[in-house]
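Participant: Structure incoming, see below.
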Amino acid sequence: MTSKKYGMVIDLQKCVGCAACDIACKSENNVPDDFHWSNHIIETTGKFPDVRYRYVPTLCNHCENAPCVRNCPTTAMHKSEDGLTLHDPDLCIGCAACQVSCPYGVIYRNNEDPHPRWKTDETAIIPGCTATAQEVVKGLNTPIPHYNAEREATYEGIRPKGIVEKCTFCDHRLAQDKDPWCVVSCPANARIFGDLNDPKSPPRRALAKHSPRILQPEKGTKPKVYYIREF
Amino acid sequence: MEPNVFYQTQAGPYWDWKVAVDLFFGGAGVGAFLLAVGLSFVLTRGNRRVCQTAAWLAPILVVLGLLFLLLKLGRPHYLLLTFTKFVPTSPLWWGGIFQTLFVIGSIWYALRWRNPDSGERGTRILGLALTPVAVIVGAYHGLLLAVINARPVWNTGPTVVAAILGFATTGIAAVLITHLVRARLAGRLADPERVADWLDRISPVRNILVGAMVLQGGTMFFWWLSLRFGSLQDMQALEAANAEYGTMFWWLGVVLGLAVPLGLGALAVVRGERAHHRLRVQTIALTSALILIGGFFFRLAVVLGGQADTPIPTLS
């Protein structure tokens, strides 16, 4: 029996560019403010009235031939049996070799402690009425208000200073046979996720039906995030 | 019409000046070591002091570079993990292993130069045995950047060649300037006869340096050519690097660190013994200092310029 190989197909004709995936990812994975595990490229071409607008959602491509994995000196960045490109915080020395190696700019490094606002902000929006960020943390007794204990099942709940982080295809949800949260949260069902080794899986069927494209094919990274159709 | 692309990623550069300092010191250390090994074979016993200087500089410079690299790491205390893993695809892993071997070996080599009882033959054999390690460490300082195909400015063959030649020029310059200081402190430059003697001994090193600089200039030209007439991404990367770090690269790296020293070096070779001794010593000091300053800024411009923002290629 062959193991699973996860992949995602993004239907650009269905995608409305609402960025719900970006926000869903942030809340599910405790992604710091300036980091974008789920991201998007906006491209505008031409001049009014002949203008073309393109919105391309991006995330870690979980490349088969991942340069971040190749260049990591400690195997912190590694390939899992089911094709995910994962990061082990316990092995990371924070050299940023993965970050400079990634042609897609999807790896982020915690140069400072993440979520600093919850530790330092003492300003209440309405003094004497609303709580300060510090008071919220104290009241909830969690590291940050949107801390997700489920997330910690397979990864650091909140990544410490000095190491990198990236999209995991929500491996903690995959472990429970659930789809990544960005897939579930997409209101247009533009994200199709599943096992690429299974010919009957939704992504395989979508890939067979349409001509898929990938980002920067010339880099030879063999991404596992595909794009189909377009307006 | 060129598309307007918006893509918000973490602001760089991801590898900052500390990486450039590591490349600079590491390269200079390897250059100094190879000079010591080379001189131990071709020069006479009278040049023992130059070899000593070079042999001692090697581990000191490489360790200095490594210290700056440690500063760059987010979790330097986890570094030992590198030695518990086998990751042959990672230049950083190779660098960690071979730099450690090199530091241990070069300290041993330097200690043999310090000890007058150490047999010269044994020292030469040890130097030869460590030479492949030194070459690998020197090449690593170029390969580290060259294997990263996400960065077109780095991802070229001349990157490796420039690193190798760079360690030759900066290594020799570091030895020359240190040796000059050492000779001055020991009073060996006090009278004209001793200066002439010192200059005679140093002249082969100076000639090697001039040759290395010529090759370095040629490599830089081919590097520029490969990017200027390469793919669209190559051209965009070169343009972005030039826009942000062009002044540093061309004026400090190439003109100040290569063209001016090359001119001074060539003049010294042509004029030979006709120039005044004092002027010849000053020229050596100035040339070496310029090569070191330029060598550092060249690496800094390459490290930072290679990460300059370029438009992210979208779906074609």
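Ordering of the structure tokens sets the chain letters (A, B, ...), residue numbers begin anew at 1 in every chain, and ligands are numbered from 1 in the order given.
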Kindly provide the residues of chain B that approach chain A to within 8 Å, each paired with its closest atom pair and their distance in Å to one decimal, based on only C-alpha atoms, listed by chain and increasing number, as a tab-separated table.
Facilitator:
```
residue	atom	partner	partner_atom	distance
B:Met1	CA	A:Gly46	CA	6.0
B:Glu2	CA	A:Thr45	CA	6.7
B:Pro3	CA	A:Thr45	CA	4.3
B:Asn4	CA	A:Thr44	CA	5.0
B:Val5	CA	A:Glu43	CA	4.4
B:Phe6	CA	A:Ile42	CA	5.0
B:Tyr7	CA	A:Ile41	CA	4.8
B:Gln8	CA	A:Asn39	CA	7.8
B:Thr9	CA	A:Gly105	CA	6.0
B:Gln10	CA	A:Tyr108	CA	6.3
B:Tyr14	CA	A:Val100	CA	6.5
B:Trp15	CA	A:Ala96	CA	7.2
B:Lys72	CA	A:Cys95	CA	7.0
B:Leu73	CA	A:Cys95	CA	4.8
B:Gly74	CA	A:Gly162	CA	3.7
B:Arg75	CA	A:Ile93	CA	4.7
B:Pro76	CA	A:Ile93	CA	6.2
B:His77	CA	A:Ile93	CA	7.8
B:Tyr78	CA	A:Ile93	CA	5.5
B:Leu79	CA	A:Ile93	CA	6.1
B:Leu81	CA	A:Thr74	CA	6.3
B:Thr82	CA	A:Thr74	CA	5.1
B:Lys85	CA	A:Thr74	CA	6.0
B:Phe86	CA	A:Thr74	CA	7.9
B:Val87	CA	A:Pro73	CA	6.1
B:Thr89	CA	A:Arg70	CA	5.3
B:Ser90	CA	A:Asn71	CA	4.2
B:Pro91	CA	A:Asn71	CA	6.7
B:Leu92	CA	A:Pro73	CA	5.6
B:Trp93	CA	A:Pro73	CA	4.6
B:Ile148	CA	A:Ser101	CA	5.4
B:Asn149	CA	A:Lys219	CA	7.0
B:Ala150	CA	A:Pro103	CA	4.5
B:Arg151	CA	A:Ser101	CA	7.6
B:Gln307	CA	A:Val100	CA	7.8
B:Ile312	CA	A:Tyr104	CA	7.6
B:Pro313	CA	A:Gln216	CA	6.5
B:Thr314	CA	A:Leu215	CA	6.3
B:Leu315	CA	A:Leu215	CA	5.6
```
Participant: Could the residues in this selection be saved with N, CA, C and O atoms as a short mmCIF file (atom, residue, chain, number, x, y, z; two decimals), in the first residue's frame?
Facilitator:
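Output contents, as saved in selection_3.cif:
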```cif
data_model
loop_
_atom_site.label_atom_id
_atom_site.label_comp_id
_atom_site.auth_asym_id
_atom_site.auth_seq_id
_atom_site.Cartn_x
_atom_site.Cartn_y
_atom_site.Cartn_z
N MET B 1 3.04 46.40 -21.18
CA MET B 1 3.24 47.15 -19.93
C MET B 1 3.58 46.19 -18.80
O MET B 1 2.98 45.13 -18.67
N GLU B 2 4.56 46.55 -18.00
CA GLU B 2 4.99 45.70 -16.88
C GLU B 2 3.88 45.57 -15.84
O GLU B 2 3.25 46.57 -15.47
N PRO B 3 3.60 44.36 -15.37
CA PRO B 3 2.57 44.21 -14.34
C PRO B 3 3.01 44.80 -13.01
O PRO B 3 4.20 44.83 -12.70
N ASN B 4 2.04 45.26 -12.25
CA ASN B 4 2.30 45.76 -10.90
C ASN B 4 2.00 44.62 -9.93
O ASN B 4 0.86 44.19 -9.82
N VAL B 5 3.03 44.10 -9.28
CA VAL B 5 2.86 42.92 -8.43
C VAL B 5 2.99 43.29 -6.97
O VAL B 5 3.95 43.96 -6.57
N PHE B 6 2.03 42.84 -6.17
CA PHE B 6 2.09 43.07 -4.72
C PHE B 6 2.15 41.71 -4.03
O PHE B 6 1.29 40.86 -4.21
N TYR B 7 3.20 41.52 -3.25
CA TYR B 7 3.34 40.26 -2.50
C TYR B 7 4.11 40.58 -1.23
O TYR B 7 5.27 40.97 -1.28
N GLN B 8 3.45 40.43 -0.09
CA GLN B 8 4.04 40.87 1.17
C GLN B 8 4.68 39.68 1.90
O GLN B 8 3.98 38.83 2.43
N THR B 9 6.01 39.64 1.88
CA THR B 9 6.71 38.60 2.62
C THR B 9 7.54 39.27 3.72
O THR B 9 7.55 40.50 3.83
N GLN B 10 8.24 38.47 4.51
CA GLN B 10 9.04 39.06 5.58
C GLN B 10 10.17 39.90 4.98
O GLN B 10 10.85 39.45 4.04
N TYR B 14 17.65 38.33 4.96
CA TYR B 14 17.59 37.26 5.96
C TYR B 14 19.01 36.94 6.48
O TYR B 14 19.19 36.57 7.62
N TRP B 15 19.97 37.01 5.59
CA TRP B 15 21.38 36.87 6.01
C TRP B 15 21.98 38.28 5.99
O TRP B 15 22.04 38.92 4.94
N LYS B 72 24.77 35.27 14.41
CA LYS B 72 23.65 35.33 13.47
C LYS B 72 22.59 34.26 13.80
O LYS B 72 21.41 34.46 13.54
N LEU B 73 23.03 33.14 14.37
CA LEU B 73 22.09 32.04 14.62
C LEU B 73 21.05 32.44 15.66
O LEU B 73 21.37 33.09 16.65
N GLY B 74 19.83 32.00 15.42
CA GLY B 74 18.77 32.29 16.38
C GLY B 74 18.96 31.51 17.66
O GLY B 74 18.62 31.97 18.75
N ARG B 75 19.49 30.30 17.53
CA ARG B 75 19.74 29.47 18.72
C ARG B 75 21.13 28.85 18.62
O ARG B 75 21.28 27.66 18.31
N PRO B 76 22.17 29.66 18.88
CA PRO B 76 23.53 29.16 18.72
C PRO B 76 23.85 27.96 19.64
O PRO B 76 24.68 27.13 19.29
N HIS B 77 23.14 27.90 20.77
CA HIS B 77 23.41 26.80 21.71
C HIS B 77 22.93 25.46 21.16
O HIS B 77 23.21 24.42 21.73
N TYR B 78 22.19 25.47 20.06
CA TYR B 78 21.74 24.23 19.43
C TYR B 78 22.71 23.77 18.34
O TYR B 78 22.46 22.77 17.68
N LEU B 79 23.79 24.53 18.15
CA LEU B 79 24.68 24.28 17.01
C LEU B 79 25.23 22.84 16.98
O LEU B 79 25.43 22.26 15.91
N LEU B 81 23.88 20.23 17.36
CA LEU B 81 22.98 19.32 16.64
C LEU B 81 23.50 19.02 15.24
O LEU B 81 23.28 17.94 14.70
N THR B 82 24.19 20.02 14.66
CA THR B 82 24.72 19.85 13.31
C THR B 82 25.63 18.63 13.23
O THR B 82 25.65 17.93 12.23
N LYS B 85 23.90 15.03 13.01
CA LYS B 85 23.09 14.70 11.83
C LYS B 85 23.98 14.46 10.63
O LYS B 85 25.13 14.91 10.59
N PHE B 86 23.43 13.78 9.64
CA PHE B 86 24.15 13.59 8.38
C PHE B 86 23.30 14.22 7.27
O PHE B 86 22.27 13.68 6.89
N VAL B 87 23.73 15.39 6.82
CA VAL B 87 22.95 16.11 5.80
C VAL B 87 23.88 16.54 4.66
O VAL B 87 24.25 17.71 4.53
N THR B 89 23.41 17.15 1.69
CA THR B 89 22.88 18.10 0.70
C THR B 89 23.04 19.55 1.15
O THR B 89 22.84 20.47 0.36
N SER B 90 23.39 19.75 2.42
CA SER B 90 23.45 21.11 2.96
C SER B 90 24.89 21.63 3.05
O SER B 90 25.70 21.10 3.81
N PRO B 91 25.21 22.69 2.30
CA PRO B 91 26.56 23.27 2.41
C PRO B 91 26.87 23.73 3.83
O PRO B 91 28.03 23.65 4.27
N LEU B 92 25.86 24.19 4.56
CA LEU B 92 26.10 24.62 5.94
C LEU B 92 26.57 23.46 6.81
O LEU B 92 27.42 23.62 7.69
N TRP B 93 26.01 22.29 6.55
CA TRP B 93 26.42 21.10 7.31
C TRP B 93 27.88 20.77 6.99
O TRP B 93 28.70 20.59 7.90
N ILE B 148 22.12 28.24 -3.83
CA ILE B 148 20.77 28.73 -3.56
C ILE B 148 20.16 29.30 -4.84
O ILE B 148 20.42 30.43 -5.21
N ASN B 149 19.38 28.48 -5.52
CA ASN B 149 18.88 28.93 -6.84
C ASN B 149 17.71 29.89 -6.73
O ASN B 149 17.24 30.41 -7.73
N ALA B 150 17.28 30.16 -5.50
CA ALA B 150 16.25 31.20 -5.33
C ALA B 150 16.87 32.59 -5.44
O ALA B 150 16.14 33.58 -5.53
N ARG B 151 18.18 32.67 -5.40
CA ARG B 151 18.88 33.97 -5.45
C ARG B 151 19.78 34.01 -6.68
O ARG B 151 20.94 33.55 -6.63
N GLN B 307 20.06 39.34 -1.90
CA GLN B 307 18.72 39.21 -1.29
C GLN B 307 17.85 40.43 -1.57
O GLN B 307 16.79 40.58 -0.95
N ILE B 312 8.22 39.06 -7.54
CA ILE B 312 8.00 37.61 -7.44
C ILE B 312 7.37 37.13 -8.75
O ILE B 312 6.41 37.73 -9.24
N PRO B 313 7.95 36.10 -9.38
CA PRO B 313 7.34 35.60 -10.62
C PRO B 313 5.99 34.96 -10.31
O PRO B 313 5.87 34.16 -9.38
N THR B 314 4.97 35.32 -11.05
CA THR B 314 3.65 34.74 -10.81
C THR B 314 3.37 33.66 -11.84
O THR B 314 4.28 33.24 -12.56
N LEU B 315 2.13 33.21 -11.91
CA LEU B 315 1.78 32.14 -12.85
C LEU B 315 1.93 32.64 -14.28
O LEU B 315 1.51 33.74 -14.60
#
```
Participant: Using only C-alpha atoms, determine which residues lie at most 9 Å from segment 204-214 of chain B, disregarding the query and same-chain residues fewer than 6 positions distant; provide the list as a PyMOL selection string.
Facilitator: chain B and resi 35+39+165-166+168-170+172-173+176+258-259+261-262+265-266+268-269+284
Participant: List as a list in words the protein and nucleic acid residues near segment 182-186 of chain A, meaning an atom at most 6 Å away when only C-alpha atoms are counted, but skip any in the same chain fewer than 6 places from it.
Facilitator: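 Contacts, with the query itself left out: Cys21, Ala24 and Cys25 of chain A.
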Participant: What are the DSSP strand (DSSP E) residues of segment 72-228 of chain A, as a VMD selection string?
Facilitator: chain A and resid 77 to 79 85 to 87 108 to 109 164 to 165 191 to 195 225 to 228
Participant: Write the residues of the preceding selection, restricted to N, CA, C and O atoms, as a short mmCIF file (atom, residue, chain, number, x, y, z; two decimals), in the first residue's frame.
Facilitator:
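This went into again32.cif:
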```cif
data_model
loop_
_atom_site.label_atom_id
_atom_site.label_comp_id
_atom_site.auth_asym_id
_atom_site.auth_seq_id
_atom_site.Cartn_x
_atom_site.Cartn_y
_atom_site.Cartn_z
N MET A 77 14.13 21.14 9.01
CA MET A 77 13.18 21.20 7.90
C MET A 77 13.27 19.84 7.21
O MET A 77 14.34 19.43 6.76
N HIS A 78 12.16 19.13 7.14
CA HIS A 78 12.21 17.76 6.63
C HIS A 78 10.93 17.40 5.88
O HIS A 78 9.92 18.10 6.01
N LYS A 79 10.99 16.30 5.13
CA LYS A 79 9.82 15.80 4.44
C LYS A 79 9.22 14.68 5.28
O LYS A 79 9.92 13.78 5.73
N THR A 85 6.12 19.17 3.87
CA THR A 85 7.41 19.76 4.25
C THR A 85 7.19 20.37 5.63
O THR A 85 6.45 21.35 5.76
N LEU A 86 7.81 19.78 6.63
CA LEU A 86 7.54 20.20 8.01
C LEU A 86 8.81 20.73 8.66
O LEU A 86 9.92 20.46 8.22
N HIS A 87 8.59 21.45 9.74
CA HIS A 87 9.70 22.06 10.46
C HIS A 87 9.67 21.59 11.91
O HIS A 87 8.63 21.67 12.57
N TYR A 108 9.10 32.19 7.48
CA TYR A 108 9.25 33.39 8.31
C TYR A 108 10.12 33.06 9.52
O TYR A 108 10.06 31.95 10.06
N ARG A 109 10.91 34.05 9.94
CA ARG A 109 11.79 33.83 11.09
C ARG A 109 11.37 34.75 12.23
O ARG A 109 11.15 35.95 12.02
N VAL A 164 12.46 29.56 12.72
CA VAL A 164 11.56 29.88 11.61
C VAL A 164 10.22 29.15 11.79
O VAL A 164 10.08 28.29 12.65
N GLU A 165 9.27 29.53 10.96
CA GLU A 165 7.98 28.84 10.94
C GLU A 165 7.35 28.98 9.57
O GLU A 165 7.70 29.88 8.80
N ARG A 191 -10.43 25.81 -2.76
CA ARG A 191 -9.28 24.97 -2.39
C ARG A 191 -9.71 23.51 -2.34
O ARG A 191 -10.64 23.16 -1.61
N ILE A 192 -9.00 22.70 -3.09
CA ILE A 192 -9.31 21.27 -3.15
C ILE A 192 -8.10 20.54 -2.59
O ILE A 192 -6.99 20.66 -3.11
N PHE A 193 -8.32 19.79 -1.52
CA PHE A 193 -7.20 19.18 -0.82
C PHE A 193 -7.38 17.66 -0.75
O PHE A 193 -8.50 17.16 -0.65
N GLY A 194 -6.29 16.93 -0.78
CA GLY A 194 -6.39 15.49 -0.61
C GLY A 194 -5.11 14.76 -0.96
O GLY A 194 -4.04 15.38 -1.09
N ASP A 195 -5.26 13.45 -1.12
CA ASP A 195 -4.13 12.57 -1.37
C ASP A 195 -3.87 12.46 -2.87
O ASP A 195 -4.70 11.92 -3.61
N VAL A 225 1.35 22.40 -4.61
CA VAL A 225 0.19 23.30 -4.69
C VAL A 225 0.04 23.67 -6.16
O VAL A 225 0.96 24.21 -6.78
N TYR A 226 -1.12 23.31 -6.71
CA TYR A 226 -1.37 23.53 -8.14
C TYR A 226 -2.46 24.57 -8.32
O TYR A 226 -3.32 24.74 -7.46
N TYR A 227 -2.43 25.23 -9.46
CA TYR A 227 -3.46 26.22 -9.80
C TYR A 227 -4.16 25.78 -11.07
O TYR A 227 -3.50 25.37 -12.04
N ILE A 228 -5.49 25.82 -11.03
CA ILE A 228 -6.25 25.49 -12.25
C ILE A 228 -7.16 26.65 -12.62
O ILE A 228 -7.54 27.45 -11.77
#
```
Participant: Please list as a compact mmCIF listing (two decimals) with N, CA, C and O atoms, in the first residue's frame every residue within 12 Å of Ala285 of chain B, counting only C-alpha atoms and excluding residues in the same chain fewer than 5 positions away.
Facilitator:
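To be explicit, this is the file written out as result-v5.txt:
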```
# COMPACT_ATOMS: atom_id res chain seq x y z
N ILE B 172 46.25 36.67 1.65
CA ILE B 172 47.62 37.17 1.45
C ILE B 172 47.75 38.58 2.02
O ILE B 172 48.75 38.91 2.69
N ALA B 173 46.74 39.42 1.76
CA ALA B 173 46.78 40.80 2.28
C ALA B 173 46.84 40.80 3.81
O ALA B 173 47.59 41.59 4.41
N ALA B 174 46.04 39.92 4.42
CA ALA B 174 46.05 39.85 5.89
C ALA B 174 47.42 39.43 6.41
O ALA B 174 47.93 39.98 7.40
N VAL B 175 48.05 38.47 5.72
CA VAL B 175 49.39 38.02 6.13
C VAL B 175 50.41 39.15 5.97
O VAL B 175 51.21 39.41 6.87
N LEU B 176 50.34 39.83 4.82
CA LEU B 176 51.30 40.90 4.55
C LEU B 176 51.22 42.00 5.61
O LEU B 176 52.24 42.43 6.15
N ILE B 177 50.02 42.43 5.90
CA ILE B 177 49.87 43.55 6.82
C ILE B 177 50.23 43.12 8.25
O ILE B 177 50.86 43.87 8.99
N THR B 178 49.87 41.90 8.62
CA THR B 178 50.23 41.41 9.96
C THR B 178 51.75 41.24 10.06
O THR B 178 52.36 41.57 11.08
N HIS B 179 52.32 40.71 9.00
CA HIS B 179 53.77 40.49 9.01
C HIS B 179 54.52 41.82 9.07
O HIS B 179 55.56 41.92 9.73
N LEU B 180 53.96 42.80 8.39
CA LEU B 180 54.56 44.14 8.41
C LEU B 180 54.55 44.72 9.83
O LEU B 180 55.56 45.25 10.32
N VAL B 181 53.40 44.60 10.46
CA VAL B 181 53.28 45.10 11.85
C VAL B 181 54.26 44.35 12.75
O VAL B 181 54.95 44.94 13.59
N ARG B 184 57.78 45.51 12.15
CA ARG B 184 57.99 46.85 12.69
C ARG B 184 58.16 46.79 14.22
O ARG B 184 59.04 47.44 14.78
N LEU B 199 62.00 43.23 2.26
CA LEU B 199 61.25 43.40 1.01
C LEU B 199 61.57 42.29 0.01
O LEU B 199 60.67 41.80 -0.69
N ARG B 206 54.02 39.18 -2.78
CA ARG B 206 53.38 40.32 -3.44
C ARG B 206 53.03 39.97 -4.89
O ARG B 206 51.97 40.31 -5.39
N PRO B 261 44.38 48.73 -5.62
CA PRO B 261 45.50 47.87 -5.20
C PRO B 261 46.20 47.20 -6.37
O PRO B 261 47.41 47.03 -6.35
N LEU B 264 48.49 49.75 -7.79
CA LEU B 264 49.65 49.93 -6.90
C LEU B 264 50.58 48.71 -6.97
O LEU B 264 51.81 48.84 -7.02
N GLY B 265 49.95 47.53 -6.99
CA GLY B 265 50.74 46.29 -7.04
C GLY B 265 51.51 46.18 -8.33
O GLY B 265 52.70 45.81 -8.34
N ARG B 278 61.31 52.81 1.79
CA ARG B 278 60.23 53.27 2.66
C ARG B 278 58.90 53.31 1.89
O ARG B 278 57.86 52.88 2.39
N LEU B 279 59.00 53.81 0.64
CA LEU B 279 57.81 53.91 -0.20
C LEU B 279 57.26 52.51 -0.52
O LEU B 279 56.05 52.28 -0.54
N ARG B 280 58.18 51.57 -0.74
CA ARG B 280 57.76 50.20 -1.06
C ARG B 280 57.02 49.57 0.11
O ARG B 280 56.02 48.87 -0.06
N LEU B 290 43.78 48.17 1.60
CA LEU B 290 42.69 48.39 0.63
C LEU B 290 42.05 47.07 0.22
O LEU B 290 40.83 46.98 0.07
N ILE B 291 42.88 46.05 0.02
CA ILE B 291 42.34 44.74 -0.37
C ILE B 291 41.43 44.21 0.74
O ILE B 291 40.35 43.65 0.47
N LEU B 292 41.84 44.38 1.97
CA LEU B 292 41.02 43.88 3.09
C LEU B 292 39.71 44.66 3.20
O LEU B 292 38.64 44.06 3.34
```
Participant: Need the shell around Phe33 of chain B: protein/DNA/RNA residues with any atom at most 7 Å away, counting only C-alpha atoms. Skip same-chain ones fewer than 2 positions apart. Format as a PyMOL selection string?
Facilitator: chain B and resi 29-31+35-37+54-55+58
Participant: Output N, CA, C and O atoms for every residue in that selection, as a PDB file, in the first residue's frame.
Facilitator:
```pdb
ATOM      1  N   GLY B  29      41.243  33.473   6.346  1.00  0.00           N
ATOM      2  CA  GLY B  29      41.947  32.457   7.137  1.00  0.00           C
ATOM      3  C   GLY B  29      42.448  31.324   6.263  1.00  0.00           C
ATOM      4  O   GLY B  29      43.603  30.889   6.377  1.00  0.00           O
ATOM      5  N   VAL B  30      41.586  30.875   5.365  1.00  0.00           N
ATOM      6  CA  VAL B  30      41.972  29.789   4.460  1.00  0.00           C
ATOM      7  C   VAL B  30      43.108  30.264   3.541  1.00  0.00           C
ATOM      8  O   VAL B  30      44.086  29.541   3.308  1.00  0.00           O
ATOM      9  N   GLY B  31      42.989  31.488   3.036  1.00  0.00           N
ATOM     10  CA  GLY B  31      44.037  32.046   2.168  1.00  0.00           C
ATOM     11  C   GLY B  31      45.374  32.113   2.888  1.00  0.00           C
ATOM     12  O   GLY B  31      46.414  31.773   2.327  1.00  0.00           O
ATOM     13  N   LEU B  35      48.791  29.997   1.950  1.00  0.00           N
ATOM     14  CA  LEU B  35      50.037  30.736   1.713  1.00  0.00           C
ATOM     15  C   LEU B  35      51.166  30.145   2.572  1.00  0.00           C
ATOM     16  O   LEU B  35      52.290  29.937   2.086  1.00  0.00           O
ATOM     17  N   ALA B  36      50.835  29.856   3.820  1.00  0.00           N
ATOM     18  CA  ALA B  36      51.845  29.261   4.715  1.00  0.00           C
ATOM     19  C   ALA B  36      52.346  27.936   4.156  1.00  0.00           C
ATOM     20  O   ALA B  36      53.557  27.678   4.106  1.00  0.00           O
ATOM     21  N   VAL B  37      51.400  27.110   3.705  1.00  0.00           N
ATOM     22  CA  VAL B  37      51.775  25.795   3.165  1.00  0.00           C
ATOM     23  C   VAL B  37      52.624  25.974   1.904  1.00  0.00           C
ATOM     24  O   VAL B  37      53.676  25.341   1.756  1.00  0.00           O
ATOM     25  N   ALA B  54      51.516  33.575   8.797  1.00  0.00           N
ATOM     26  CA  ALA B  54      50.387  33.045   8.021  1.00  0.00           C
ATOM     27  C   ALA B  54      49.728  31.876   8.750  1.00  0.00           C
ATOM     28  O   ALA B  54      48.500  31.782   8.818  1.00  0.00           O
ATOM     29  N   ALA B  55      50.558  30.993   9.298  1.00  0.00           N
ATOM     30  CA  ALA B  55      50.024  29.802   9.969  1.00  0.00           C
ATOM     31  C   ALA B  55      49.194  30.183  11.193  1.00  0.00           C
ATOM     32  O   ALA B  55      48.163  29.567  11.470  1.00  0.00           O
ATOM     33  N   ALA B  58      45.685  31.911  10.259  1.00  0.00           N
ATOM     34  CA  ALA B  58      44.634  31.054   9.697  1.00  0.00           C
ATOM     35  C   ALA B  58      43.565  30.669  10.726  1.00  0.00           C
ATOM     36  O   ALA B  58      42.388  31.010  10.552  1.00  0.00           O
TER      37      ALA B  58
END
```
Participant: Pull the alpha helix (DSSP H) assignments for segment 149-296 of chain B out of DSSP run on the backbone, and list those residues as a ChimeraX atom specification.
Facilitator: /B:157-185,192-228,232-247,260-271,277-296
Participant: Pick out the residues sitting within 7 Å of segment 61-67 of chain B, and hand them over as an mmCIF file with all heavy atoms, in the first residue's frame; count only C-alpha atoms, and ignore anything fewer than 6 positions along from it in its own chain.
Facilitator:
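Printed below is selection_23.cif as written:
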```cif
data_model
loop_
_atom_site.group_PDB
_atom_site.id
_atom_site.type_symbol
_atom_site.label_atom_id
_atom_site.label_comp_id
_atom_site.auth_asym_id
_atom_site.auth_seq_id
_atom_site.Cartn_x
_atom_site.Cartn_y
_atom_site.Cartn_z
ATOM 1 N N VAL B 21 30.692 38.977 7.334
ATOM 2 C CA VAL B 21 31.915 38.977 8.153
ATOM 3 C C VAL B 21 32.465 37.558 8.264
ATOM 4 O O VAL B 21 33.679 37.329 8.167
ATOM 5 C CB VAL B 21 31.640 39.566 9.560
ATOM 6 C CG1 VAL B 21 32.865 39.432 10.450
ATOM 7 C CG2 VAL B 21 31.238 41.026 9.461
ATOM 8 N N ASP B 22 31.553 36.576 8.423
ATOM 9 C CA ASP B 22 31.988 35.176 8.501
ATOM 10 C C ASP B 22 32.678 34.773 7.202
ATOM 11 O O ASP B 22 33.756 34.163 7.226
ATOM 12 C CB ASP B 22 30.782 34.278 8.770
ATOM 13 C CG ASP B 22 31.116 32.809 8.576
ATOM 14 O OD1 ASP B 22 32.123 32.364 9.147
ATOM 15 O OD2 ASP B 22 30.389 32.099 7.842
ATOM 16 N N LEU B 23 32.068 35.135 6.075
ATOM 17 C CA LEU B 23 32.667 34.782 4.778
ATOM 18 C C LEU B 23 34.024 35.463 4.608
ATOM 19 O O LEU B 23 34.977 34.873 4.109
ATOM 20 C CB LEU B 23 31.739 35.198 3.627
ATOM 21 C CG LEU B 23 30.363 34.536 3.563
ATOM 22 C CD1 LEU B 23 29.599 35.003 2.331
ATOM 23 C CD2 LEU B 23 30.473 33.032 3.546
ATOM 24 N N PHE B 25 36.223 36.705 7.037
ATOM 25 C CA PHE B 25 37.282 36.173 7.911
ATOM 26 C C PHE B 25 37.616 34.715 7.572
ATOM 27 O O PHE B 25 38.784 34.319 7.566
ATOM 28 C CB PHE B 25 36.865 36.273 9.383
ATOM 29 C CG PHE B 25 37.077 37.644 9.971
ATOM 30 C CD1 PHE B 25 36.083 38.272 10.690
ATOM 31 C CD2 PHE B 25 38.278 38.305 9.814
ATOM 32 C CE1 PHE B 25 36.269 39.536 11.239
ATOM 33 C CE2 PHE B 25 38.484 39.572 10.350
ATOM 34 C CZ PHE B 25 37.470 40.184 11.066
ATOM 35 N N GLY B 26 36.567 33.934 7.317
ATOM 36 C CA GLY B 26 36.785 32.517 6.982
ATOM 37 C C GLY B 26 37.641 32.395 5.734
ATOM 38 O O GLY B 26 38.600 31.616 5.693
ATOM 39 N N ALA B 28 39.673 34.669 4.401
ATOM 40 C CA ALA B 28 41.030 35.190 4.634
ATOM 41 C C ALA B 28 41.864 34.167 5.414
ATOM 42 O O ALA B 28 43.062 33.990 5.140
ATOM 43 C CB ALA B 28 40.963 36.511 5.399
ATOM 44 N N GLY B 29 41.243 33.473 6.346
ATOM 45 C CA GLY B 29 41.947 32.457 7.137
ATOM 46 C C GLY B 29 42.448 31.324 6.263
ATOM 47 O O GLY B 29 43.603 30.889 6.377
#
```
Participant: Have a look at B:Pro158, B:Gly119, B:Gly142, B:Gly305 and name the one nearest to Ala240 of chain B; count only C-alpha atoms.
Facilitator: B:Gly305
Participant: Using only C-alpha atoms for the distances, tell me which of B:Asp191, B:Glu239, B:Thr219, B:Gly253 is nearest to Val160 of chain B.
Facilitator: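 Of B:Asp191, B:Glu239, B:Thr219, B:Gly253, the one nearest Val160 of chain B is B:Thr219, counting only C-alpha atoms.
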Participant: Write out as a PyMOL selection string each polymer residue whose atoms come within 12 Å of segment 128-138 of chain A, counting only C-alpha atoms; drop sequence neighbours fewer than 3 positions from it.
Facilitator: chain A and resi 115-125+141-147
